[in-house]
file data_35.txt (compact mmCIF, C-alpha atoms and all ligand atoms)
# COMPACT_ATOMS: atom_id res chain seq x y z
CA MET L 1 -17.73 -22.51 -13.35
CA SER L 2 -20.40 -22.81 -10.70
CA LEU L 3 -20.77 -20.95 -7.46
CA ALA L 4 -22.79 -23.11 -5.09
CA ALA L 5 -25.09 -21.32 -2.70
CA SER L 6 -24.25 -23.35 0.38
CA PRO L 7 -20.72 -24.48 1.20
CA ALA L 8 -20.27 -28.24 1.45
CA VAL L 9 -17.51 -27.82 4.00
CA SER L 10 -18.18 -25.26 6.67
CA LEU L 11 -15.03 -23.39 7.64
CA PRO L 12 -14.42 -20.44 9.89
CA ILE L 13 -13.47 -18.05 7.08
CA ASP L 14 -13.13 -14.34 7.13
CA GLU L 15 -16.15 -12.89 5.34
CA GLN L 16 -14.23 -10.11 3.59
CA VAL L 17 -11.70 -12.54 2.17
CA ALA L 18 -14.45 -14.91 1.10
CA ARG L 19 -16.48 -12.22 -0.59
CA SER L 20 -13.60 -10.68 -2.51
CA VAL L 21 -12.28 -14.07 -3.66
CA ARG L 22 -15.70 -15.10 -4.95
CA THR L 23 -16.12 -11.84 -6.82
CA GLY L 24 -12.57 -11.75 -8.15
CA LEU L 25 -12.26 -15.31 -9.37
CA GLY L 26 -15.82 -15.17 -10.68
CA SER L 27 -14.95 -12.21 -12.94
CA LYS L 28 -13.60 -12.24 -16.45
CA PRO L 29 -10.69 -11.65 -16.56
CA LYS L 30 -10.07 -13.21 -13.15
CA THR L 31 -8.71 -10.94 -10.43
CA LEU L 32 -7.67 -11.06 -6.79
CA THR L 33 -7.41 -7.85 -4.80
CA PRO L 34 -3.89 -6.82 -3.66
CA TRP L 35 -4.80 -6.45 0.02
CA LEU L 36 -5.01 -10.26 0.05
CA PHE L 37 -1.19 -10.29 -0.18
CA TYR L 38 -0.78 -9.14 3.38
CA ASP L 39 -1.34 -12.10 5.65
CA GLU L 40 1.49 -12.82 8.06
CA ALA L 41 3.70 -14.58 5.49
CA GLY L 42 2.89 -11.98 2.84
CA SER L 43 3.75 -9.06 5.11
CA GLU L 44 7.06 -10.73 5.87
CA LEU L 45 7.71 -11.27 2.13
CA PHE L 46 6.91 -7.63 1.47
CA GLU L 47 9.46 -6.55 4.08
CA GLN L 48 12.00 -8.71 2.20
CA ILE L 49 11.01 -7.08 -1.10
CA THR L 50 11.80 -3.64 0.31
CA GLU L 51 15.40 -4.77 0.80
CA LEU L 52 15.92 -6.30 -2.65
CA PRO L 53 18.52 -4.64 -4.90
CA GLU L 54 15.93 -4.36 -7.70
CA TYR L 55 13.18 -2.84 -5.55
CA TYR L 56 14.37 0.77 -5.70
CA LEU L 57 11.16 2.29 -4.29
CA THR L 58 11.72 1.97 -0.54
CA ARG L 59 15.36 2.96 -0.56
CA THR L 60 14.79 5.90 -2.91
CA GLU L 61 11.92 7.26 -0.85
CA ARG L 62 13.89 6.76 2.37
CA ALA L 63 16.78 8.79 0.94
CA ILE L 64 14.40 11.61 -0.03
CA LEU L 65 12.94 11.65 3.48
CA GLU L 66 16.39 11.54 5.06
CA HIS L 67 17.73 14.42 2.99
CA ASN L 68 14.71 16.63 3.51
CA ALA L 69 13.28 15.62 6.87
CA SER L 70 13.74 18.93 8.67
CA GLU L 71 12.41 20.92 5.72
CA ILE L 72 9.37 18.66 5.42
CA VAL L 73 8.39 18.93 9.08
CA ALA L 74 9.11 22.68 9.18
CA GLU L 75 6.94 23.25 6.12
CA ALA L 76 4.15 21.03 7.48
CA GLY L 77 4.20 22.49 10.97
CA GLY L 78 4.49 26.13 10.03
CA GLY L 79 5.43 26.97 13.62
CA LYS L 80 2.75 24.77 15.17
CA ARG L 81 3.16 21.48 17.01
CA LEU L 82 2.76 18.45 14.73
CA ARG L 83 0.91 15.20 15.19
CA PHE L 84 1.65 12.41 12.69
CA THR L 85 -0.99 10.10 11.27
CA GLU L 86 0.34 7.42 8.96
CA LEU L 87 -1.99 5.49 6.65
CA GLY L 88 -1.07 1.84 6.09
CA ALA L 89 1.79 2.31 8.51
CA GLY L 90 3.13 -1.27 8.39
CA SER L 91 6.46 -1.28 10.21
CA ALA L 92 6.69 2.56 9.98
CA GLU L 93 10.41 2.16 9.24
CA LYS L 94 10.79 5.17 6.92
CA THR L 95 8.78 7.45 9.19
CA ARG L 96 11.33 7.37 11.98
CA VAL L 97 13.54 9.98 10.36
CA LEU L 98 10.57 12.38 10.19
CA MET L 99 9.72 11.68 13.83
CA LYS L 100 13.26 12.57 14.84
CA ALA L 101 13.13 15.76 12.79
CA ALA L 102 9.83 16.75 14.43
CA LEU L 103 11.33 16.13 17.86
CA GLU L 104 13.96 18.74 17.16
CA ARG L 105 11.16 21.31 17.13
CA GLN L 106 8.85 19.90 19.82
CA ASN L 107 9.58 17.71 22.82
CA LYS L 108 6.73 15.25 22.34
CA LEU L 109 5.15 13.69 19.28
CA LEU L 110 1.96 11.70 18.95
CA PHE L 111 2.25 9.15 16.17
CA GLU L 112 -1.06 7.64 15.07
CA ALA L 113 -0.50 4.50 13.02
CA VAL L 114 -3.50 3.52 10.94
CA ASP L 115 -3.59 0.02 9.52
CA VAL L 116 -6.09 -2.76 8.85
CA SER L 117 -3.81 -5.34 10.40
CA PRO L 118 -2.00 -4.22 13.52
CA THR L 119 0.41 -7.18 13.80
CA ALA L 120 3.42 -5.41 12.28
CA LEU L 121 2.47 -2.28 14.18
CA LEU L 122 2.46 -3.88 17.60
CA VAL L 123 6.13 -4.69 17.17
CA ALA L 124 6.84 -1.25 15.71
CA GLN L 125 5.04 0.50 18.57
CA ALA L 126 7.24 -0.95 21.29
CA ARG L 127 10.42 -0.39 19.29
CA ILE L 128 9.63 3.19 18.35
CA GLU L 129 8.65 4.19 21.88
CA ARG L 130 11.83 2.62 23.22
CA GLU L 131 14.19 3.95 20.58
CA ILE L 132 12.79 7.43 19.99
CA PRO L 133 12.09 9.01 23.37
CA GLY L 134 9.28 11.56 23.17
CA VAL L 135 7.17 9.59 20.69
CA LYS L 136 3.87 8.09 21.80
CA VAL L 137 2.44 5.57 19.33
CA ASP L 138 -1.34 5.11 19.06
CA LEU L 139 -2.57 2.17 16.98
CA LEU L 140 -5.72 2.88 15.01
CA GLU L 141 -7.08 -0.32 13.50
CA MET L 142 -9.06 1.06 10.59
CA ASP L 143 -9.54 0.55 6.89
CA TYR L 144 -8.83 4.04 5.62
CA THR L 145 -10.16 3.19 2.15
CA ASN L 146 -13.69 2.88 3.56
CA GLY L 147 -13.85 6.11 5.48
CA PHE L 148 -12.33 6.49 8.91
CA GLY L 149 -12.74 8.66 11.95
CA LEU L 150 -9.83 10.68 13.30
CA ASP L 151 -9.99 12.81 16.43
CA ARG L 152 -9.75 16.53 16.01
CA CYS L 153 -6.36 17.92 16.92
CA THR L 154 -6.07 20.22 19.89
CA PRO L 155 -5.81 23.95 19.12
CA GLY L 156 -2.23 24.91 18.37
CA GLU L 157 -1.61 21.47 16.94
CA ARG L 158 -1.44 20.46 13.30
CA ARG L 159 -1.87 17.03 11.77
CA LEU L 160 0.52 15.69 9.17
CA VAL L 161 -0.99 12.69 7.41
CA LEU L 162 1.63 10.43 5.86
CA TYR L 163 0.56 8.41 2.88
CA ILE L 164 3.90 7.23 1.63
CA GLY L 165 5.48 4.16 0.02
CA SER L 166 3.47 4.59 -3.21
CA SER L 167 0.64 2.74 -1.49
CA ILE L 168 -1.82 4.90 -3.39
CA GLY L 169 -0.46 3.35 -6.60
CA ASN L 170 -2.50 0.21 -5.95
CA PHE L 171 -5.76 2.03 -6.61
CA GLU L 172 -7.49 3.00 -9.83
CA PRO L 173 -7.33 6.75 -10.42
CA GLU L 174 -11.00 7.32 -9.42
CA GLU L 175 -10.50 5.27 -6.28
CA SER L 176 -7.37 7.14 -5.22
CA ALA L 177 -9.13 10.46 -5.82
CA ARG L 178 -11.95 9.24 -3.56
CA ILE L 179 -9.48 8.17 -0.84
CA LEU L 180 -7.67 11.53 -0.92
CA ARG L 181 -10.98 13.38 -0.63
CA LYS L 182 -11.91 11.20 2.35
CA VAL L 183 -8.61 12.06 4.01
CA ARG L 184 -9.18 15.75 3.29
CA LYS L 185 -12.61 15.62 4.99
CA GLN L 186 -10.92 14.45 8.20
CA LEU L 187 -8.59 17.42 8.26
CA ALA L 188 -8.80 21.02 9.36
CA PRO L 189 -7.52 23.80 7.10
CA GLY L 190 -3.75 24.04 7.56
CA ASP L 191 -3.26 20.31 8.21
CA CYS L 192 -1.02 18.54 5.71
CA LEU L 193 -0.80 15.40 3.65
CA LEU L 194 2.55 13.97 2.59
CA LEU L 195 2.11 11.74 -0.44
CA GLY L 196 4.88 9.45 -1.71
CA ILE L 197 4.51 8.14 -5.25
CA ASP L 198 6.64 6.17 -7.66
CA GLN L 199 7.51 7.78 -10.98
CA VAL L 200 7.53 6.40 -14.52
CA LYS L 201 11.05 5.44 -15.52
CA ASP L 202 12.75 3.13 -17.98
CA GLU L 203 10.81 -0.06 -18.41
CA SER L 204 13.60 -2.50 -17.57
CA THR L 205 14.13 -0.90 -14.16
CA MET L 206 10.43 -1.15 -13.35
CA LEU L 207 10.17 -4.73 -14.65
CA ALA L 208 13.12 -5.86 -12.53
CA ALA L 209 11.59 -4.27 -9.43
CA TYR L 210 8.52 -6.48 -9.83
CA ASP L 211 10.34 -9.61 -11.01
CA ASP L 212 13.51 -9.87 -8.95
CA ALA L 213 16.25 -12.42 -9.57
CA ALA L 214 15.89 -14.05 -6.15
CA GLY L 215 12.21 -14.75 -6.79
CA VAL L 216 10.92 -13.00 -3.67
CA THR L 217 8.26 -11.08 -5.61
CA ALA L 218 7.17 -14.32 -7.30
CA ALA L 219 6.77 -15.90 -3.86
CA PHE L 220 4.87 -12.81 -2.66
CA ASN L 221 2.50 -13.06 -5.63
CA LYS L 222 2.00 -16.82 -5.25
CA ASN L 223 1.40 -16.42 -1.54
CA MET L 224 -2.15 -15.38 -2.53
CA LEU L 225 -2.72 -18.95 -3.70
CA VAL L 226 -1.12 -20.37 -0.56
CA ARG L 227 -3.55 -18.23 1.40
CA LEU L 228 -6.55 -19.43 -0.63
CA ASN L 229 -5.45 -23.04 -0.17
CA ARG L 230 -5.27 -22.56 3.56
CA GLU L 231 -8.21 -20.27 4.25
CA LEU L 232 -10.65 -21.52 1.63
CA ALA L 233 -9.55 -25.16 1.46
CA GLY L 234 -8.24 -24.69 -2.06
CA ASP L 235 -6.10 -27.05 -4.09
CA PHE L 236 -4.07 -24.61 -6.20
CA ASP L 237 -0.91 -26.35 -7.40
CA LEU L 238 1.75 -23.63 -7.09
CA ASP L 239 3.89 -25.28 -9.75
CA GLN L 240 1.11 -24.83 -12.32
CA PHE L 241 1.04 -21.04 -11.94
CA SER L 242 3.79 -18.57 -12.87
CA HIS L 243 4.50 -15.09 -11.64
CA ARG L 244 4.17 -12.47 -14.39
CA ALA L 245 5.08 -8.79 -14.16
CA LEU L 246 4.39 -6.43 -17.04
CA TRP L 247 4.40 -2.73 -17.83
CA ASN L 248 1.09 -1.39 -19.13
CA ASP L 249 2.12 1.81 -20.85
CA THR L 250 -1.40 2.94 -21.77
CA MET L 251 -2.49 2.80 -18.13
CA SER L 252 0.90 3.89 -16.76
CA ARG L 253 1.08 0.97 -14.37
CA MET L 254 3.01 -2.15 -13.48
CA GLU L 255 0.79 -5.20 -13.35
CA MET L 256 1.26 -8.51 -11.61
CA HIS L 257 -0.52 -11.65 -12.70
CA LEU L 258 -0.51 -15.33 -11.89
CA GLU L 259 -0.54 -17.30 -15.10
CA SER L 260 -1.91 -20.82 -15.36
CA SER L 261 0.62 -22.82 -17.36
CA VAL L 262 -1.90 -25.52 -18.30
CA GLU L 263 -5.61 -26.01 -18.71
CA GLN L 264 -6.75 -27.00 -15.26
CA ARG L 265 -9.58 -27.09 -12.76
CA VAL L 266 -9.00 -25.78 -9.25
CA ARG L 267 -11.30 -26.49 -6.35
CA LEU L 268 -12.12 -24.16 -3.47
CA ALA L 269 -13.81 -26.60 -1.10
CA ALA L 270 -14.97 -23.84 1.26
CA PHE L 271 -17.37 -22.70 -1.47
CA ASP L 272 -17.79 -26.11 -3.09
CA TRP L 273 -16.61 -24.29 -6.18
CA GLU L 274 -14.59 -25.55 -9.14
CA ILE L 275 -12.79 -22.94 -11.19
CA ASP L 276 -11.58 -23.63 -14.70
CA PHE L 277 -8.39 -22.11 -16.08
CA GLY L 278 -7.27 -22.15 -19.68
CA ALA L 279 -3.58 -22.59 -20.52
CA GLY L 280 -2.07 -19.09 -20.33
CA GLU L 281 -5.07 -17.60 -18.53
CA THR L 282 -4.12 -15.20 -15.75
CA ILE L 283 -5.38 -13.94 -12.43
CA HIS L 284 -4.65 -10.22 -12.23
CA THR L 285 -3.39 -9.60 -8.69
CA GLU L 286 -2.03 -6.06 -8.61
CA ASN L 287 -1.70 -2.72 -10.32
CA SER L 288 1.05 -0.34 -9.25
CA TYR L 289 0.43 3.00 -10.92
CA LYS L 290 3.45 5.11 -11.82
CA PHE L 291 3.22 8.86 -12.09
CA ARG L 292 4.82 11.79 -13.83
CA SER L 293 6.10 15.00 -12.36
CA GLY L 294 3.11 17.24 -11.65
CA ASP L 295 0.69 14.33 -11.13
CA ALA L 296 1.01 14.36 -7.34
CA ALA L 297 0.31 18.08 -7.11
CA ALA L 298 -2.69 17.67 -9.42
CA MET L 299 -4.11 14.80 -7.36
CA LEU L 300 -3.67 16.82 -4.18
CA ALA L 301 -5.28 19.93 -5.69
CA GLU L 302 -8.22 17.88 -6.92
CA ALA L 303 -8.79 16.59 -3.36
CA GLY L 304 -8.75 20.05 -1.74
CA PHE L 305 -5.09 20.49 -0.91
CA ALA L 306 -2.98 23.40 -1.94
CA HIS L 307 0.32 22.15 -3.25
CA ALA L 308 3.03 23.21 -0.87
CA ARG L 309 6.17 21.46 -2.13
CA SER L 310 7.68 18.41 -3.79
CA TRP L 311 10.94 16.59 -3.20
CA THR L 312 12.59 14.01 -5.41
CA ASP L 313 15.89 12.13 -5.82
CA GLU L 314 18.67 12.97 -8.31
CA ARG L 315 17.27 10.55 -10.88
CA GLY L 316 13.67 11.68 -10.43
CA TRP L 317 12.60 8.12 -9.67
CA PHE L 318 10.32 8.85 -6.73
CA GLU L 319 8.43 11.89 -5.54
CA VAL L 320 7.33 13.03 -2.11
CA CYS L 321 4.75 15.79 -2.24
CA LEU L 322 3.31 17.88 0.58
CA GLY L 323 -0.16 19.37 0.25
CA ARG L 324 -1.89 21.66 2.72
CA ALA L 325 -5.61 21.38 3.38
CA ASP L 326 -7.12 24.56 1.98
CA ASP L 327 -10.20 26.43 3.19
CA SER L 328 -12.47 25.08 0.46
CA GLN L 329 -14.46 22.57 2.53
C1 LIG E 1 3.27 -1.60 -1.26
C2 LIG E 1 1.75 -1.30 -3.05
C3 LIG E 1 3.70 0.07 -2.89
O1 LIG E 1 3.13 -1.67 -5.59
O2 LIG E 1 5.28 -1.57 -5.32
C4 LIG E 1 5.83 -4.79 -4.13
C5 LIG E 1 3.60 -3.69 -3.38
N1 LIG E 1 4.06 -5.37 -5.19
N2 LIG E 1 6.17 -5.66 -5.08
C6 LIG E 1 4.15 -1.82 -4.91
C7 LIG E 1 4.48 -4.60 -4.20
C8 LIG E 1 5.09 -6.02 -5.71
C9 LIG E 1 4.02 -2.25 -3.45
N3 LIG E 1 3.17 -1.30 -2.68

call {"tool": "encode", "arguments": {"input": "data_35.txt", "output": "structure tokens"}}
result
Amino acid sequence: MSLAASPAVSLPIDEQVARSVRTGLGSKPKTLTPWLFYDEAGSELFEQITELPEYYLTRTERAILEHNASEIVAEAGGGKRLRFTELGAGSAEKTRVLMKAALERQNKLLFEAVDVSPTALLVAQARIEREIPGVKVDLLEMDYTNGFGLDRCTPGERRLVLYIGSSIGNFEPEESARILRKVRKQLAPGDCLLLGIDQVKDESTMLAAYDDAAGVTAAFNKNMLVRLNRELAGDFDLDQFSHRALWNDTMSRMEMHLESSVEQRVRLAAFDWEIDFGAGETIHTENSYKFRSGDAAAMLAEAGFAHARSWTDERGWFEVCLGRADDSQ
């Protein structure tokens, strides 16, 4: 495997993508970072995943939010006016029920949607402002994993940061702790963080959620290679890689991999780079950590939040946990 210093073909490629692909595919074992999933096609595939019968996460979390919306906003607001700030907002579909609940207590709501790619949000912004009168949507194009700057709230106002959808599950424990601390630093005492995390459950349920019968998750995983072919002039043959989902019990996480079915050499012309794969060798594309009851509260406490409350579904499959920024920093 050689990584040439100067590209033979010069292409207008995004530097971040280029850098992470070179690092990831140059590592042993090979990896690709999960944020690479979310180009336009990948974001669309993810929306489809959220509607699959096997992908219980979205629907379970939505039910929790629906059943407890007024309690959640009452607890978060504590009599003060709320402002919402959602991290990785995407289409902000599940947040609407919380917006409506907040609007029963206040006549206007500022909804700050933070995301690295605002494409999905632009559509959501217009729809939300049209369909939920009283909501003003601000788009904040920021990568919250690398530190981000939020305005201070006005006096009498409280911020509720929403970090839902088990998005935090993509990060290694140390990394998620670092992200939560960064969020805490942006907040004033009394502000809140609502964290939604997926729970450990029977293995077959989790496996099915990441390897659905219709093959949408397989297409989502392989879309990384489609993206590399397009953006880095690659020649990945999609038929020579298989989608693999597995449960890693030691690490308490679902993993997704792309497995090379044969020994092969793949070329990324943008780097003038040839990458060798052994038969059965994998590219590790995602970790989705699963948690146990008490984990969310512990993570929040560690980051400087007092644990206010948790909500779950009847089966205990998903947990939504509200922490309040304490006075410690
Ligand atoms: C958006 C990171 C929560 O880990 O379940 C869906 C992404 N990966 N199917 C998850 C995903 C495979 C999802 N998160």

call {"tool": "atom_distance", "arguments": {"input": "data_35.txt", "atom1": "atom CA of Gln199 of chain L", "atom2": "atom CA of Pro29 of chain L"}}
result
27.2 Å

call {"tool": "closest_residue", "arguments": {"input": "data_35.txt", "among": "L:Ala208, L:Ala74, L:Ile49, L:Val97", "to": "ligand LIG 1 (chain E)", "atoms": "all atoms listed in the file"}}
result
L:Ile49

call {"tool": "closest_residue", "arguments": {"input": "data_35.txt", "among": "L:Phe46, L:Val216, L:Ser261, L:Lys30", "to": "His284 of chain L", "atoms": "only C-alpha atoms"}}
result
L:Lys30

call {"tool": "residues_near_ligand", "arguments": {"input": "data_35.txt", "ligand": "ligand LIG 1 (chain E)", "cutoff": "8 Å", "atoms": "all atoms listed in the file", "output": "ChimeraX atom specification"}}
result
/L:34,46,49-50,55,57,165-170,209-210,217,220-221,254,256,286-289

call {"tool": "atom_distance", "arguments": {"input": "data_35.txt", "atom1": "atom CA of Leu232 of chain L", "atom2": "atom CA of Leu268 of chain L"}}
result
5.9 Å

call {"tool": "closest_residue", "arguments": {"input": "data_35.txt", "among": "L:Glu174, L:Glu61, L:Glu54, L:Glu40", "to": "Arg315 of chain L", "atoms": "all atoms listed in the file"}}
result
L:Glu61

call {"tool": "atom_distance", "arguments": {"input": "data_35.txt", "atom1": "atom CA of Asp138 of chain L", "atom2": "atom CA of Leu110 of chain L"}}
result
7.4 Å

call {"tool": "closest_residue", "arguments": {"input": "data_35.txt", "among": "L:Ser242, L:Asn107, L:Thr95, L:Ser117", "to": "Tyr163 of chain L", "atoms": "all atoms listed in the file"}}
result
L:Thr95

call {"tool": "closest_residue", "arguments": {"input": "data_35.txt", "among": "L:Glu281, L:Glu175, L:Asp276, L:Glu112", "to": "Leu82 of chain L", "atoms": "all atoms listed in the file"}}
result
L:Glu112

call {"tool": "closest_residue", "arguments": {"input": "data_35.txt", "among": "L:Leu103, L:Leu162, L:Met299, L:Leu122", "to": "Val135 of chain L", "atoms": "all atoms listed in the file"}}
result
L:Leu103

call {"tool": "residues_around", "arguments": {"input": "data_35.txt", "residues": "Lys100 of chain L", "least_positions_apart": "2", "cutoff": "12 Å", "atoms": "all atoms listed in the file", "output": "PyMOL selection string"}}
result
chain L and resi 65-66+69-70+72-73+84+94-98+102-109+111+128-129+131-135

call {"tool": "decode", "arguments": {"input": "data_35.txt", "residues": "segment 94-109 of chain L", "atoms": "N, CA, C and O atoms", "output": "PDB file, in the first residue's frame"}}
result
ATOM      1  N   LYS L  94     -38.505  14.504  15.178  1.00  0.00           N
ATOM      2  CA  LYS L  94     -38.965  14.116  16.515  1.00  0.00           C
ATOM      3  C   LYS L  94     -39.086  15.287  17.476  1.00  0.00           C
ATOM      4  O   LYS L  94     -39.704  15.186  18.528  1.00  0.00           O
ATOM      5  N   THR L  95     -38.449  16.415  17.113  1.00  0.00           N
ATOM      6  CA  THR L  95     -38.414  17.549  18.025  1.00  0.00           C
ATOM      7  C   THR L  95     -39.708  18.337  18.007  1.00  0.00           C
ATOM      8  O   THR L  95     -40.016  19.103  18.920  1.00  0.00           O
ATOM      9  N   ARG L  96     -40.495  18.125  16.938  1.00  0.00           N
ATOM     10  CA  ARG L  96     -41.711  18.926  16.773  1.00  0.00           C
ATOM     11  C   ARG L  96     -42.670  18.790  17.948  1.00  0.00           C
ATOM     12  O   ARG L  96     -43.281  19.770  18.371  1.00  0.00           O
ATOM     13  N   VAL L  97     -42.777  17.595  18.480  1.00  0.00           N
ATOM     14  CA  VAL L  97     -43.696  17.375  19.596  1.00  0.00           C
ATOM     15  C   VAL L  97     -43.254  18.180  20.832  1.00  0.00           C
ATOM     16  O   VAL L  97     -44.079  18.702  21.598  1.00  0.00           O
ATOM     17  N   LEU L  98     -41.943  18.315  21.006  1.00  0.00           N
ATOM     18  CA  LEU L  98     -41.435  19.120  22.131  1.00  0.00           C
ATOM     19  C   LEU L  98     -41.666  20.613  21.886  1.00  0.00           C
ATOM     20  O   LEU L  98     -41.953  21.367  22.815  1.00  0.00           O
ATOM     21  N   MET L  99     -41.542  21.009  20.606  1.00  0.00           N
ATOM     22  CA  MET L  99     -41.802  22.421  20.282  1.00  0.00           C
ATOM     23  C   MET L  99     -43.247  22.771  20.623  1.00  0.00           C
ATOM     24  O   MET L  99     -43.536  23.806  21.228  1.00  0.00           O
ATOM     25  N   LYS L 100     -44.152  21.875  20.229  1.00  0.00           N
ATOM     26  CA  LYS L 100     -45.569  22.132  20.483  1.00  0.00           C
ATOM     27  C   LYS L 100     -45.845  22.198  21.977  1.00  0.00           C
ATOM     28  O   LYS L 100     -46.617  23.041  22.441  1.00  0.00           O
ATOM     29  N   ALA L 101     -45.207  21.313  22.730  1.00  0.00           N
ATOM     30  CA  ALA L 101     -45.396  21.321  24.184  1.00  0.00           C
ATOM     31  C   ALA L 101     -44.872  22.621  24.784  1.00  0.00           C
ATOM     32  O   ALA L 101     -45.501  23.202  25.675  1.00  0.00           O
ATOM     33  N   ALA L 102     -43.733  23.100  24.281  1.00  0.00           N
ATOM     34  CA  ALA L 102     -43.177  24.358  24.802  1.00  0.00           C
ATOM     35  C   ALA L 102     -44.117  25.518  24.496  1.00  0.00           C
ATOM     36  O   ALA L 102     -44.286  26.423  25.311  1.00  0.00           O
ATOM     37  N   LEU L 103     -44.746  25.467  23.321  1.00  0.00           N
ATOM     38  CA  LEU L 103     -45.626  26.560  22.908  1.00  0.00           C
ATOM     39  C   LEU L 103     -46.939  26.591  23.684  1.00  0.00           C
ATOM     40  O   LEU L 103     -47.726  27.523  23.558  1.00  0.00           O
ATOM     41  N   GLU L 104     -47.173  25.565  24.485  1.00  0.00           N
ATOM     42  CA  GLU L 104     -48.323  25.641  25.377  1.00  0.00           C
ATOM     43  C   GLU L 104     -48.005  26.470  26.607  1.00  0.00           C
ATOM     44  O   GLU L 104     -48.889  26.875  27.351  1.00  0.00           O
ATOM     45  N   ARG L 105     -46.729  26.730  26.839  1.00  0.00           N
ATOM     46  CA  ARG L 105     -46.302  27.488  28.020  1.00  0.00           C
ATOM     47  C   ARG L 105     -45.766  28.870  27.668  1.00  0.00           C
ATOM     48  O   ARG L 105     -45.603  29.706  28.525  1.00  0.00           O
ATOM     49  N   GLN L 106     -45.401  29.061  26.401  1.00  0.00           N
ATOM     50  CA  GLN L 106     -44.850  30.351  25.953  1.00  0.00           C
ATOM     51  C   GLN L 106     -45.352  30.568  24.538  1.00  0.00           C
ATOM     52  O   GLN L 106     -45.607  29.601  23.819  1.00  0.00           O
ATOM     53  N   ASN L 107     -45.483  31.846  24.123  1.00  0.00           N
ATOM     54  CA  ASN L 107     -46.114  32.030  22.806  1.00  0.00           C
ATOM     55  C   ASN L 107     -45.127  32.005  21.647  1.00  0.00           C
ATOM     56  O   ASN L 107     -45.522  31.897  20.491  1.00  0.00           O
ATOM     57  N   LYS L 108     -43.836  32.096  21.964  1.00  0.00           N
ATOM     58  CA  LYS L 108     -42.824  32.047  20.904  1.00  0.00           C
ATOM     59  C   LYS L 108     -41.716  31.113  21.323  1.00  0.00           C
ATOM     60  O   LYS L 108     -41.421  30.986  22.515  1.00  0.00           O
ATOM     61  N   LEU L 109     -41.091  30.470  20.329  1.00  0.00           N
ATOM     62  CA  LEU L 109     -39.974  29.576  20.635  1.00  0.00           C
ATOM     63  C   LEU L 109     -38.890  29.748  19.588  1.00  0.00           C
ATOM     64  O   LEU L 109     -39.154  29.669  18.379  1.00  0.00           O
TER      65      LEU L 109
END
